[in-house]
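Novice: What follows is start_29.txt, made up of compact mmCIF, C-alpha atoms and all ligand atoms:
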# COMPACT_ATOMS: atom_id res chain seq x y z
CA MET A 1 20.62 41.03 51.96
CA GLY A 2 22.46 38.48 49.83
CA VAL A 3 22.07 38.56 46.09
CA GLU A 4 19.46 37.19 43.74
CA ILE A 5 20.52 34.52 41.26
CA ALA A 6 18.43 34.41 38.10
CA VAL A 7 18.87 31.22 36.09
CA THR A 8 17.23 31.13 32.66
CA GLY A 9 17.06 28.29 30.16
CA LEU A 10 20.09 26.53 31.59
CA THR A 11 21.07 23.30 29.84
CA LYS A 12 23.99 21.00 30.65
CA THR A 13 25.25 18.01 28.71
CA PHE A 14 28.30 15.78 28.95
CA GLY A 15 28.95 14.45 25.44
CA SER A 16 25.72 12.82 24.31
CA GLN A 17 24.29 12.71 27.87
CA THR A 18 21.86 15.50 28.73
CA ILE A 19 21.93 16.13 32.47
CA TRP A 20 19.10 18.68 32.53
CA ARG A 21 17.65 21.12 30.05
CA ASP A 22 15.95 24.50 30.15
CA VAL A 23 16.22 25.04 33.89
CA THR A 24 14.69 28.39 34.82
CA LEU A 25 14.44 29.61 38.40
CA THR A 26 15.26 32.59 40.61
CA LEU A 27 16.90 32.09 43.97
CA PRO A 28 15.48 35.05 45.92
CA ALA A 29 18.04 37.23 47.69
CA GLY A 30 18.63 36.26 51.31
CA GLU A 31 16.28 33.29 51.25
CA ILE A 32 16.98 29.60 51.82
CA SER A 33 16.16 27.33 48.89
CA VAL A 34 16.47 23.56 48.83
CA MET A 35 17.07 21.48 45.71
CA LEU A 36 15.81 17.91 45.71
CA GLY A 37 15.98 15.14 43.18
CA PRO A 38 16.71 11.45 42.80
CA SER A 39 20.37 10.45 42.83
CA GLY A 40 22.07 11.22 39.54
CA THR A 41 19.66 13.90 38.36
CA GLY A 42 22.41 16.49 38.34
CA LYS A 43 22.04 18.41 41.59
CA SER A 44 25.79 18.54 42.20
CA VAL A 45 26.33 19.43 38.54
CA PHE A 46 23.84 22.28 39.01
CA LEU A 47 25.79 23.69 41.97
CA LYS A 48 29.08 23.39 40.09
CA THR A 49 27.53 25.16 37.10
CA LEU A 50 26.30 28.00 39.32
CA VAL A 51 29.82 28.69 40.60
CA GLY A 52 31.25 28.48 37.09
CA LEU A 53 33.23 25.27 37.62
CA LEU A 54 31.22 23.68 34.79
CA LYS A 55 30.14 25.49 31.63
CA PRO A 56 26.50 25.14 30.61
CA ASP A 57 25.61 24.41 26.98
CA ALA A 58 22.93 27.08 26.91
CA GLY A 59 21.21 29.59 29.17
CA SER A 60 22.24 32.33 31.55
CA ILE A 61 23.06 32.79 35.24
CA VAL A 62 22.65 36.45 36.17
CA ILE A 63 24.03 37.83 39.43
CA ASN A 64 24.25 41.57 40.08
CA GLY A 65 23.39 42.23 36.44
CA ARG A 66 26.23 40.08 35.06
CA ASP A 67 25.78 36.82 33.20
CA LEU A 68 28.30 34.36 34.67
CA THR A 69 28.17 32.13 31.63
CA ARG A 70 29.64 34.92 29.49
CA LEU A 71 32.43 36.10 31.75
CA ARG A 72 36.12 35.77 30.99
CA GLU A 73 38.10 33.56 33.37
CA ALA A 74 39.59 36.61 35.17
CA ASP A 75 36.15 38.13 35.83
CA LEU A 76 34.74 34.76 36.82
CA TYR A 77 37.50 34.51 39.42
CA GLU A 78 36.21 37.76 40.94
CA VAL A 79 32.56 36.67 40.88
CA ARG A 80 33.49 33.37 42.54
CA LYS A 81 34.44 35.29 45.66
CA LEU A 82 30.71 35.90 46.17
CA PHE A 83 30.25 32.16 46.69
CA GLY A 84 30.91 29.89 49.60
CA VAL A 85 30.62 26.26 48.61
CA LEU A 86 30.40 23.10 50.65
CA PHE A 87 31.00 20.29 48.19
CA GLN A 88 29.35 16.92 48.62
CA ASP A 89 32.58 15.21 49.70
CA GLY A 90 33.71 18.08 51.94
CA ALA A 91 36.79 18.46 49.72
CA LEU A 92 39.18 19.19 52.59
CA PHE A 93 42.91 18.92 52.00
CA GLY A 94 43.88 15.73 53.77
CA SER A 95 47.40 16.81 54.69
CA MET A 96 46.35 20.15 56.21
CA THR A 97 44.99 20.72 59.70
CA LEU A 98 41.41 21.94 60.01
CA TYR A 99 42.80 25.38 60.86
CA ASP A 100 44.83 25.54 57.64
CA ASN A 101 41.91 24.16 55.62
CA VAL A 102 39.59 26.86 56.92
CA ALA A 103 42.26 29.56 56.51
CA PHE A 104 43.00 28.48 52.93
CA PRO A 105 40.53 30.77 51.05
CA LEU A 106 41.69 33.77 53.10
CA ARG A 107 45.35 33.09 52.27
CA GLU A 108 44.46 32.43 48.63
CA HIS A 109 42.06 35.31 47.95
CA THR A 110 42.91 38.08 50.42
CA LYS A 111 45.93 40.00 51.69
CA LYS A 112 44.91 39.66 55.32
CA THR A 113 47.60 39.31 57.98
CA GLU A 114 47.95 36.03 59.90
CA ALA A 115 46.53 37.80 62.96
CA GLU A 116 43.37 38.80 61.05
CA ILE A 117 43.15 35.31 59.58
CA ARG A 118 43.39 33.79 63.06
CA ARG A 119 40.51 35.96 64.28
CA ILE A 120 38.26 34.97 61.35
CA VAL A 121 39.13 31.27 61.43
CA THR A 122 38.58 31.11 65.18
CA GLU A 123 35.21 32.84 64.83
CA LYS A 124 33.97 30.56 62.04
CA MET A 125 35.17 27.39 63.74
CA GLU A 126 33.35 28.45 66.88
CA LEU A 127 30.23 29.14 64.82
CA VAL A 128 30.16 25.55 63.52
CA GLY A 129 31.08 24.05 66.90
CA LEU A 130 34.65 23.03 66.12
CA SER A 131 36.56 25.07 68.71
CA GLY A 132 39.42 22.98 70.01
CA ALA A 133 39.72 20.82 66.88
CA GLU A 134 41.88 23.30 64.93
CA GLY A 135 44.99 21.10 65.03
CA LYS A 136 43.29 17.90 63.82
CA LEU A 137 43.72 16.45 60.35
CA PRO A 138 40.58 15.61 58.32
CA GLY A 139 41.40 11.90 58.60
CA GLU A 140 41.30 12.09 62.39
CA ILE A 141 37.76 13.42 62.78
CA SER A 142 34.23 12.15 62.17
CA GLY A 143 32.26 12.67 58.96
CA GLY A 144 30.01 15.20 60.68
CA MET A 145 33.00 17.20 61.87
CA ARG A 146 34.41 17.20 58.33
CA LYS A 147 31.10 18.58 57.06
CA ARG A 148 31.20 21.34 59.62
CA ALA A 149 34.86 22.13 58.83
CA GLY A 150 33.87 22.39 55.15
CA LEU A 151 31.08 24.73 56.16
CA ALA A 152 33.46 26.92 58.21
CA ARG A 153 35.71 27.11 55.16
CA ALA A 154 32.74 28.07 52.97
CA LEU A 155 31.97 30.92 55.38
CA VAL A 156 35.36 32.61 55.84
CA LEU A 157 35.06 34.97 52.88
CA ASP A 158 31.64 36.19 54.09
CA PRO A 159 29.92 34.86 50.97
CA GLU A 160 26.83 36.47 49.45
CA ILE A 161 25.78 33.04 48.21
CA LEU A 162 26.17 29.75 50.06
CA LEU A 163 25.89 26.55 48.06
CA ILE A 164 25.74 23.47 50.25
CA ASP A 165 25.75 19.97 48.80
CA GLU A 166 24.22 17.32 51.06
CA PRO A 167 25.31 18.68 54.43
CA ASP A 168 23.38 15.90 56.15
CA SER A 169 24.51 12.80 54.27
CA GLY A 170 26.20 10.48 56.71
CA LEU A 171 25.07 12.48 59.73
CA ASP A 172 22.99 11.05 62.55
CA PRO A 173 19.52 12.56 63.12
CA VAL A 174 20.55 14.70 66.05
CA ARG A 175 23.51 16.20 64.19
CA THR A 176 21.29 16.78 61.15
CA SER A 177 18.94 18.75 63.38
CA TYR A 178 21.84 20.78 64.72
CA ILE A 179 23.17 21.54 61.26
CA ASN A 180 19.67 22.52 60.06
CA GLN A 181 19.35 24.86 63.03
CA LEU A 182 22.77 26.26 62.19
CA PHE A 183 21.61 27.08 58.64
CA VAL A 184 18.48 28.86 59.82
CA ASP A 185 20.46 30.82 62.43
CA LEU A 186 23.24 31.66 59.98
CA ASN A 187 20.71 32.80 57.41
CA ALA A 188 19.23 35.18 59.99
CA GLN A 189 22.69 36.48 60.96
CA ILE A 190 24.60 36.83 57.69
CA ASP A 191 23.58 38.45 54.43
CA ALA A 192 23.60 35.43 52.17
CA THR A 193 21.39 33.56 49.75
CA PHE A 194 21.37 29.82 50.49
CA LEU A 195 20.94 26.85 48.19
CA ILE A 196 21.02 23.49 49.94
CA VAL A 197 20.97 20.12 48.19
CA THR A 198 19.59 17.40 50.41
CA HIS A 199 17.99 13.97 50.38
CA ASP A 200 16.55 14.48 53.84
CA ILE A 201 12.80 14.99 53.57
CA ASN A 202 12.42 16.55 56.99
CA THR A 203 15.12 19.08 56.14
CA ALA A 204 13.42 19.79 52.85
CA ARG A 205 10.04 20.27 54.47
CA THR A 206 11.02 22.51 57.39
CA VAL A 207 14.22 24.43 56.65
CA PRO A 208 13.75 26.30 53.36
CA ASP A 209 11.71 29.22 52.08
CA ASN A 210 11.65 27.66 48.59
CA ILE A 211 11.91 24.14 47.22
CA GLY A 212 12.95 22.85 43.81
CA LEU A 213 12.84 19.34 42.37
CA LEU A 214 15.05 18.09 39.55
CA TYR A 215 13.62 15.01 37.89
CA HIS A 216 14.06 13.28 34.58
CA LYS A 217 16.40 15.84 33.02
CA HIS A 218 14.38 18.90 33.91
CA LEU A 219 13.26 21.12 36.76
CA ALA A 220 9.90 19.61 37.69
CA MET A 221 8.94 22.51 39.98
CA PHE A 222 10.49 25.38 41.91
CA GLY A 223 8.68 27.76 44.23
CA PRO A 224 7.66 28.69 47.76
CA ARG A 225 7.75 25.86 50.30
CA GLU A 226 3.99 25.83 50.81
CA MET A 227 3.41 25.56 47.08
CA LEU A 228 5.36 22.30 46.80
CA LEU A 229 4.16 20.86 50.10
CA SER A 230 0.54 21.30 49.03
CA SER A 231 1.15 20.19 45.44
CA GLU A 232 -0.75 17.24 43.96
CA GLU A 233 1.68 17.03 41.01
CA PRO A 234 2.59 13.29 41.06
CA VAL A 235 6.40 13.56 41.07
CA VAL A 236 6.48 16.40 43.60
CA ARG A 237 3.95 14.68 45.80
CA GLN A 238 5.78 11.37 45.71
CA PHE A 239 9.20 12.85 46.42
CA LEU A 240 8.22 15.23 49.21
CA ASN A 241 6.29 12.52 50.99
CA ALA A 242 8.84 9.74 50.46
CA GLN A 243 6.25 7.43 48.91
CA THR A 244 6.74 4.41 46.69
CA ILE A 245 3.55 5.01 44.75
CA GLY A 246 4.17 7.45 41.90
CA PRO A 247 6.24 7.92 38.77
CA ILE A 248 9.65 7.59 40.48
CA GLY A 249 10.90 4.00 40.65
CA MET A 250 13.98 2.34 42.10
CA SER A 251 15.96 3.10 38.94
CA GLU A 252 14.50 6.56 38.54
CA GLU A 253 11.57 6.05 36.17
CA LYS A 254 8.98 3.31 36.34
CA ASP A 255 7.99 1.54 33.17
CA ALA A 256 4.43 1.38 31.88
CA ASP A 257 3.77 -2.05 33.49
CA GLU A 258 4.77 -0.87 36.92
CA LEU A 259 2.62 2.24 36.61
CA ALA A 260 -0.33 0.19 35.34
CA ALA A 261 0.02 -2.17 38.31
CA GLU A 262 -0.26 0.82 40.61
CA SER A 263 -3.19 2.46 38.91
CA GLY A 264 -6.23 2.39 41.12
CA GLN A 265 -4.09 2.21 44.26
CA GLU A 266 -5.16 4.95 46.55
CA LEU A 267 -2.62 7.60 47.44
CA PRO A 268 -2.32 8.37 51.14
CA PRO A 269 -3.56 11.88 51.95
CA LEU A 270 -1.02 14.70 51.94
CA PRO A 271 0.49 15.06 55.42
CA PRO A 272 0.09 18.36 57.29
CA ILE A 273 2.55 21.12 56.42
CA ALA A 274 4.76 21.69 59.45
CA LEU A 275 5.74 25.13 60.66
CA GLN A 276 9.10 26.32 59.35
CA LEU A 277 12.12 25.75 61.57
CA ALA A 278 12.51 28.91 63.72
CA THR A 279 15.77 30.59 64.72
CA SER A 280 17.14 29.41 68.06
CA ASP A 281 17.10 32.89 69.60
CA GLY A 282 13.54 33.68 68.58
CA GLN A 283 14.50 36.37 66.07
CA PRO A 284 12.38 36.28 62.93
CA ARG A 285 13.77 34.34 60.00
CA ARG A 286 15.26 36.59 57.34
CA ALA A 287 12.46 35.95 54.86
CA GLU A 288 9.77 35.13 57.39
CA ARG A 289 6.20 35.11 56.12
CA PRO A 290 3.14 34.20 58.16
CA ALA A 291 2.48 30.46 58.16
CA GLY A 292 -0.09 29.57 55.53
CA ALA A 293 0.21 32.92 53.72
CA TRP A 294 1.12 31.38 50.38
CA CYS A 295 -1.81 28.95 50.56
CA ARG A 296 -4.23 31.75 51.49
CA ASP A 297 -2.94 34.11 48.79
CA ASN A 298 -3.27 31.40 46.19
CA GLY A 299 -6.60 29.94 47.24
CA VAL A 300 -5.03 26.57 48.14
CA THR A 301 -6.47 24.60 51.04
CA PRO A 302 -3.53 23.14 52.96
CA PRO A 303 -3.79 19.53 54.22
CA PRO A 304 -5.71 19.26 57.52
CA GLY A 305 -3.57 19.89 60.60
CA SER A 306 -1.11 22.12 58.73
CA PHE A 307 0.88 24.84 60.54
CA GLU A 308 0.13 23.41 63.97
CA SER A 309 3.46 21.78 64.75
CA ARG A 310 7.15 21.95 63.91
CA ASN A 311 7.27 18.23 63.39
CA ALA A 312 7.50 17.34 59.71
CA GLY A 313 6.01 14.00 60.71
CA ILE A 314 6.42 11.95 57.54
CA PRO A 315 5.68 8.32 58.48
CA GLY A 316 8.78 6.18 58.43
CA VAL A 317 11.01 9.22 58.27
CA ARG A 318 12.73 10.42 61.36
CA VAL A 319 11.35 13.11 63.59
CA GLU A 320 12.86 16.55 64.06
CA VAL A 321 14.18 17.15 67.59
CA GLY A 322 14.72 20.39 69.49
N1 LIG B 401 32.58 15.95 35.11
C1 LIG B 401 31.67 15.09 34.64
N2 LIG B 401 31.82 14.50 33.44
C2 LIG B 401 30.89 13.67 32.92
N3 LIG B 401 29.75 13.33 33.57
C3 LIG B 401 29.53 13.87 34.76
C4 LIG B 401 30.47 14.77 35.38
N4 LIG B 401 29.99 15.15 36.57
C5 LIG B 401 28.81 14.52 36.71
N5 LIG B 401 28.53 13.76 35.64
C6 LIG B 401 27.30 12.96 35.42
O1 LIG B 401 26.19 13.82 35.62
C7 LIG B 401 25.11 13.11 36.22
C8 LIG B 401 24.60 13.87 37.42
O2 LIG B 401 25.58 13.84 38.43
P1 LIG B 401 25.44 14.59 39.82
O3 LIG B 401 26.66 14.29 40.61
O4 LIG B 401 25.14 16.02 39.59
O5 LIG B 401 24.15 13.88 40.45
P2 LIG B 401 23.41 14.21 41.82
O6 LIG B 401 22.01 14.61 41.50
O7 LIG B 401 24.23 15.17 42.61
O8 LIG B 401 23.37 12.78 42.52
P3 LIG B 401 23.55 12.37 44.09
O9 LIG B 401 22.22 12.64 44.73
O10 LIG B 401 23.84 10.91 44.02
O11 LIG B 401 24.67 13.19 44.65
C9 LIG B 401 25.63 11.71 36.53
O12 LIG B 401 25.19 10.85 35.53
C10 LIG B 401 27.14 11.87 36.47
O13 LIG B 401 27.75 10.69 36.06
MG MG B 402 25.32 15.06 44.30
As a first step, turn the structure in this file into structure tokens.

Specialist:
Amino acid sequence: MGVEIAVTGLTKTFGSQTIWRDVTLTLPAGEISVMLGPSGTGKSVFLKTLVGLLKPDAGSIVINGRDLTRLREADLYEVRKLFGVLFQDGALFGSMTLYDNVAFPLREHTKKTEAEIRRIVTEKMELVGLSGAEGKLPGEISGGMRKRAGLARALVLDPEILLIDEPDSGLDPVRTSYINQLFVDLNAQIDATFLIVTHDINTARTVPDNIGLLYHKHLAMFGPREMLLSSEEPVVRQFLNAQTIGPIGMSEEKDADELAAESGQELPPLPPIALQLATSDGQPRRAERPAGAWCRDNGVTPPPGSFESRNAGIPGVRVEVG
């Protein structure tokens, strides 16, 4: 069922620069969570801290009853095998073929024979739609193919936790839809907890079970998708609706003059909450809940027209296909 990751009071600084402080959230086992935030708010740093590549200054990260921040390097090495990570830049080895890139974690971390490795690599490359490209070098393929090769590599050790950093940056809308569908299908098929960092609002609105927003050195909100999509909290509302009116400015925070100039401007109404992206074979999602259940349980009236369509439908933002 994947594992739960309980983060409590996590703080990360580099020298005198605080990246974020006191981040507390639980990634529920087997669910898909998305982390949003303006550029530079430390989303990639958060993923790297979760896998133990960066040490936090304070706080804990508890998985299976063990606090990762207190483990010795040898134990951390073991715990890291629970994770599959797709880094923002793909991080493929440029001089290795896609096959060897995808096989790398198996050769590094397991004693599997080359025949077993071939079976696994072939299966994962097929899963991400890269059959036939095994012999190519990363420099010879498109950005989208590199992303998918990175994803195949993140999957070979059958991770309990998948951390995925901007899978859709640089992808065209159709490929983004395919990769989103792949995540939802994978989540239904494999026992893993997903955390996806994205800047794509349609992805954020339709793919996850939970949404988080990092803003101004802290976690502004984290919770069920319907909670954030119906939220009137200014930063959450602005970000999830891709609006210019609100506290977030071009260089992250607006100054008092800019905010004063906006005061009195009417905010557009919250758009309808779309249905979650379904699996392609019609199986229920792993953590499927009835549409609107969170709103009902919490006495929140969702925006008019909610849960009627799969189209995230944010004006000016592209439309989900398929
Ligand atoms: N190893 C490091 N040493 C010092 N500072 C770092 C290091 N890694 C990241 N930072 C700083 O931490 C901040 C957050 O960086 P991060 O890459 O996590 O942002 P992000 O939210 O992922 O942004 P984007 O959306 O553009 O990918 C930045 O100011 C960056 O310069
Ligand atoms: Mg980043």

Novice: Which neighbours of range 289-292 of chain A fall inside 8 Å, counting all atoms listed in the file, when residues of the same chain fewer than 5 positions from it are skipped, and could you give them as a list in words?

Specialist: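 Contacts, with the query itself left out: Glu226, Leu275, Gln276, Pro302 and Phe307 of chain A.
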
Novice: Report the distance between CA of Lys12 in chain A and CA of Arg80 in chain A in Å, rounded to one decimal place.

Specialist: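 Here the two named atoms are 19.6 Å from each other.
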
Novice: Which residues of range 9-75 of chain A sit at most 12 Å from range 146-161 of chain A, using all atoms listed in the file? Give each one's shortest atom pair and distance in Å (one decimal place), in chain and ascending residue order, as a Markdown table.

Specialist:
| residue | atom | partner | partner_atom | distance |
| --- | --- | --- | --- | --- |
| A:Leu27 | CA | A:Ile161 | CA | 9.9 |
| A:Pro28 | CA | A:Ile161 | CA | 10.7 |
| A:Ala29 | CA | A:Ile161 | CA | 8.8 |
| A:Gly30 | CA | A:Glu160 | CA | 8.4 |
| A:Glu31 | CA | A:Ile161 | CA | 10.0 |
| A:Ile32 | CA | A:Ile161 | CA | 10.1 |
| A:Ser33 | CA | A:Ile161 | CA | 11.2 |
| A:Leu47 | CA | A:Ile161 | CA | 11.2 |
| A:Leu50 | CA | A:Ile161 | CA | 10.2 |
| A:Val51 | CA | A:Ile161 | CA | 9.7 |
| A:Ile63 | CA | A:Ile161 | CA | 10.2 |
| A:Asn64 | CA | A:Glu160 | CA | 11.0 |

Novice: Taking (38.6, 28.8, 63.1) as a centre in this file's frame and 9 Å as the limit, can you find every polymer residue with an atom that close, using all atoms listed in the file, and give them as a compact mmCIF listing (two decimals) with C-alpha atoms, keeping the file's coordinate frame?

Specialist:
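The result, written out as out.txt:
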# COMPACT_ATOMS: atom_id res chain seq x y z
CA LEU A 98 41.41 21.94 60.01
CA TYR A 99 42.80 25.38 60.86
CA ASP A 100 44.83 25.54 57.64
CA VAL A 102 39.59 26.86 56.92
CA ALA A 103 42.26 29.56 56.51
CA ILE A 117 43.15 35.31 59.58
CA ARG A 118 43.39 33.79 63.06
CA ARG A 119 40.51 35.96 64.28
CA ILE A 120 38.26 34.97 61.35
CA VAL A 121 39.13 31.27 61.43
CA THR A 122 38.58 31.11 65.18
CA GLU A 123 35.21 32.84 64.83
CA LYS A 124 33.97 30.56 62.04
CA MET A 125 35.17 27.39 63.74
CA GLU A 126 33.35 28.45 66.88
CA LEU A 127 30.23 29.14 64.82
CA LEU A 130 34.65 23.03 66.12
CA SER A 131 36.56 25.07 68.71
CA ALA A 133 39.72 20.82 66.88
CA GLU A 134 41.88 23.30 64.93
CA ALA A 149 34.86 22.13 58.83
CA ALA A 152 33.46 26.92 58.21
CA ARG A 153 35.71 27.11 55.16
CA VAL A 156 35.36 32.61 55.84

Novice: Please compute the CA of Ser44 in chain A-atom P2 of ligand LIG 401 (chain B) distance, one decimal, in Å.

Specialist: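 We find that CA of Ser44 in chain A and atom P2 of ligand LIG 401 (chain B) lie 5.0 Å from each other.
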
Novice: For Ala91 in chain A, which residue among A:Gly139, A:Arg66, A:Ser280, A:Glu78 is the nearest when counting only C-alpha atoms?

Specialist: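 Using only C-alpha atoms, the shortest distance to Ala91 in chain A belongs to A:Gly139.
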
Novice: Go through A:Glu308, A:Asp185, A:Glu166, A:Glu116 one by one, measure the shortest atom-to-atom distance of each to ligand LIG 401 (chain B) using all atoms listed in the file, and give the residue with the smallest value.

Specialist: A:Glu166

Novice: With distances taken over only C-alpha atoms and all ligand atoms, which residue among A:Gly52, A:Pro167, A:Pro105, A:Gly143 lies nearest ligand MG 402 (chain B)?

Specialist: A:Pro167

Novice: Using all atoms listed in the file, which of the listed residues (A:Leu76, A:Ile201, A:Val45, A:Leu10) sits closest to ligand LIG 401 (chain B)?

Specialist: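 Distance minimum relative to ligand LIG 401 (chain B) lands on A:Val45.
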
Novice: Could you produce a table of the residues of chain A lying within 8 Å of ligand MG 402 (chain B), with the nearest pair of atoms per residue and their separation in Å rounded to one decimal, using all atoms listed in the file, ordered by chain and increasing residue number, as a tab-separated table?

Specialist:
residue	atom	partner	partner_atom	distance
A:Ser39	CA	B:MG402	MG	6.9
A:Gly40	CA	B:MG402	MG	6.9
A:Gly42	CA	B:MG402	MG	6.8
A:Lys43	CA	B:MG402	MG	5.4
A:Ser44	CA	B:MG402	MG	4.1
A:Val45	CA	B:MG402	MG	7.3
A:Gln88	CA	B:MG402	MG	6.2
A:Asp165	CA	B:MG402	MG	6.7
A:Glu166	CA	B:MG402	MG	7.2
A:Val197	CA	B:MG402	MG	7.7

Novice: Next, dump the selected residues to file, keeping only C-alpha atoms, as a tab-separated table (two decimals), keeping the file's coordinate frame.

Specialist:
chain	number	residue	atom	x	y	z
A	39	SER	CA	20.37	10.45	42.83
A	40	GLY	CA	22.07	11.22	39.54
A	42	GLY	CA	22.41	16.49	38.34
A	43	LYS	CA	22.04	18.41	41.59
A	44	SER	CA	25.79	18.54	42.20
A	45	VAL	CA	26.33	19.43	38.54
A	88	GLN	CA	29.35	16.92	48.62
A	165	ASP	CA	25.75	19.97	48.80
A	166	GLU	CA	24.22	17.32	51.06
A	197	VAL	CA	20.97	20.12	48.19

Novice: List as JSON lines every residue of chain A that is in contact with ligand LIG 401 (chain B), defined as an atom at most 12 Å from one of its atoms (using all atoms listed in the file), together with the nearest atom pair and the distance in Å rounded to one decimal, sorted by chain and then rising number.

Specialist:
{"residue": "A:Lys12", "atom": "CA", "partner": "B:LIG401", "partner_atom": "O1", "distance": 9.0}
{"residue": "A:Thr13", "atom": "CA", "partner": "B:LIG401", "partner_atom": "N3", "distance": 8.1}
{"residue": "A:Phe14", "atom": "CA", "partner": "B:LIG401", "partner_atom": "C2", "distance": 5.2}
{"residue": "A:Gly15", "atom": "CA", "partner": "B:LIG401", "partner_atom": "C2", "distance": 7.8}
{"residue": "A:Ser16", "atom": "CA", "partner": "B:LIG401", "partner_atom": "C2", "distance": 10.1}
{"residue": "A:Gln17", "atom": "CA", "partner": "B:LIG401", "partner_atom": "N3", "distance": 7.9}
{"residue": "A:Thr18", "atom": "CA", "partner": "B:LIG401", "partner_atom": "O1", "distance": 8.3}
{"residue": "A:Ile19", "atom": "CA", "partner": "B:LIG401", "partner_atom": "C7", "distance": 5.8}
{"residue": "A:Trp20", "atom": "CA", "partner": "B:LIG401", "partner_atom": "C8", "distance": 8.8}
{"residue": "A:Met35", "atom": "CA", "partner": "B:LIG401", "partner_atom": "O6", "distance": 9.5}
{"residue": "A:Leu36", "atom": "CA", "partner": "B:LIG401", "partner_atom": "O6", "distance": 8.2}
{"residue": "A:Gly37", "atom": "CA", "partner": "B:LIG401", "partner_atom": "O6", "distance": 6.3}
{"residue": "A:Pro38", "atom": "CA", "partner": "B:LIG401", "partner_atom": "O9", "distance": 6.0}
{"residue": "A:Ser39", "atom": "CA", "partner": "B:LIG401", "partner_atom": "O9", "distance": 3.4}
{"residue": "A:Gly40", "atom": "CA", "partner": "B:LIG401", "partner_atom": "O5", "distance": 3.5}
{"residue": "A:Thr41", "atom": "CA", "partner": "B:LIG401", "partner_atom": "O6", "distance": 4.0}
{"residue": "A:Gly42", "atom": "CA", "partner": "B:LIG401", "partner_atom": "O4", "distance": 3.0}
{"residue": "A:Lys43", "atom": "CA", "partner": "B:LIG401", "partner_atom": "O6", "distance": 3.8}
{"residue": "A:Ser44", "atom": "CA", "partner": "B:LIG401", "partner_atom": "O4", "distance": 3.7}
{"residue": "A:Val45", "atom": "CA", "partner": "B:LIG401", "partner_atom": "O4", "distance": 3.8}
{"residue": "A:Phe46", "atom": "CA", "partner": "B:LIG401", "partner_atom": "O4", "distance": 6.4}
{"residue": "A:Leu47", "atom": "CA", "partner": "B:LIG401", "partner_atom": "O4", "distance": 8.1}
{"residue": "A:Lys48", "atom": "CA", "partner": "B:LIG401", "partner_atom": "O4", "distance": 8.4}
{"residue": "A:Thr49", "atom": "CA", "partner": "B:LIG401", "partner_atom": "O4", "distance": 9.8}
{"residue": "A:Leu53", "atom": "CA", "partner": "B:LIG401", "partner_atom": "N1", "distance": 9.7}
{"residue": "A:Leu54", "atom": "CA", "partner": "B:LIG401", "partner_atom": "N1", "distance": 7.9}
{"residue": "A:Lys55", "atom": "CA", "partner": "B:LIG401", "partner_atom": "N1", "distance": 10.4}
{"residue": "A:Pro56", "atom": "CA", "partner": "B:LIG401", "partner_atom": "N1", "distance": 11.9}
{"residue": "A:Phe87", "atom": "CA", "partner": "B:LIG401", "partner_atom": "O11", "distance": 10.1}
{"residue": "A:Gln88", "atom": "CA", "partner": "B:LIG401", "partner_atom": "O11", "distance": 7.2}
{"residue": "A:Asp89", "atom": "CA", "partner": "B:LIG401", "partner_atom": "O11", "distance": 9.6}
{"residue": "A:Ile164", "atom": "CA", "partner": "B:LIG401", "partner_atom": "O7", "distance": 11.4}
{"residue": "A:Asp165", "atom": "CA", "partner": "B:LIG401", "partner_atom": "O7", "distance": 8.0}
{"residue": "A:Glu166", "atom": "CA", "partner": "B:LIG401", "partner_atom": "O11", "distance": 7.6}
{"residue": "A:Pro167", "atom": "CA", "partner": "B:LIG401", "partner_atom": "O11", "distance": 11.2}
{"residue": "A:Asp168", "atom": "CA", "partner": "B:LIG401", "partner_atom": "O11", "distance": 11.9}
{"residue": "A:Ser169", "atom": "CA", "partner": "B:LIG401", "partner_atom": "O11", "distance": 9.6}
{"residue": "A:Ile196", "atom": "CA", "partner": "B:LIG401", "partner_atom": "O7", "distance": 11.5}
{"residue": "A:Val197", "atom": "CA", "partner": "B:LIG401", "partner_atom": "O7", "distance": 8.1}
{"residue": "A:Thr198", "atom": "CA", "partner": "B:LIG401", "partner_atom": "O9", "distance": 7.9}
{"residue": "A:His199", "atom": "CA", "partner": "B:LIG401", "partner_atom": "O9", "distance": 7.2}
{"residue": "A:Asp200", "atom": "CA", "partner": "B:LIG401", "partner_atom": "O9", "distance": 10.9}
{"residue": "A:Leu213", "atom": "CA", "partner": "B:LIG401", "partner_atom": "O6", "distance": 10.4}
{"residue": "A:Leu214", "atom": "CA", "partner": "B:LIG401", "partner_atom": "O6", "distance": 8.0}
{"residue": "A:Tyr215", "atom": "CA", "partner": "B:LIG401", "partner_atom": "O6", "distance": 9.1}
{"residue": "A:His216", "atom": "CA", "partner": "B:LIG401", "partner_atom": "O6", "distance": 10.6}
{"residue": "A:Lys217", "atom": "CA", "partner": "B:LIG401", "partner_atom": "C8", "distance": 9.5}
{"residue": "A:His218", "atom": "CA", "partner": "B:LIG401", "partner_atom": "O6", "distance": 11.6}
{"residue": "A:Leu219", "atom": "CA", "partner": "B:LIG401", "partner_atom": "O6", "distance": 11.9}
{"residue": "A:Glu252", "atom": "CA", "partner": "B:LIG401", "partner_atom": "O6", "distance": 11.4}

Novice: Mind giving me the straight-line distance from CA of Met221 in chain A to CA of Val207 in chain A in Å, one decimal?

Specialist: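 Separation between CA of Met221 in chain A and CA of Val207 in chain A: 17.6 Å.
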
Novice: Which of these residues is nearest to Pro208 in chain A, using only C-alpha atoms: A:Val300, A:Val235, A:Val7, A:Leu229?

Specialist: A:Leu229

Novice: Quick one: everything within 10 Å of Ser309 in chain A, counting all atoms listed in the file, minus sequence neighbours fewer than 2 positions away in the same chain. Send it as number ranges by chain.

Specialist: A: 272-276, 305-307, 311-313
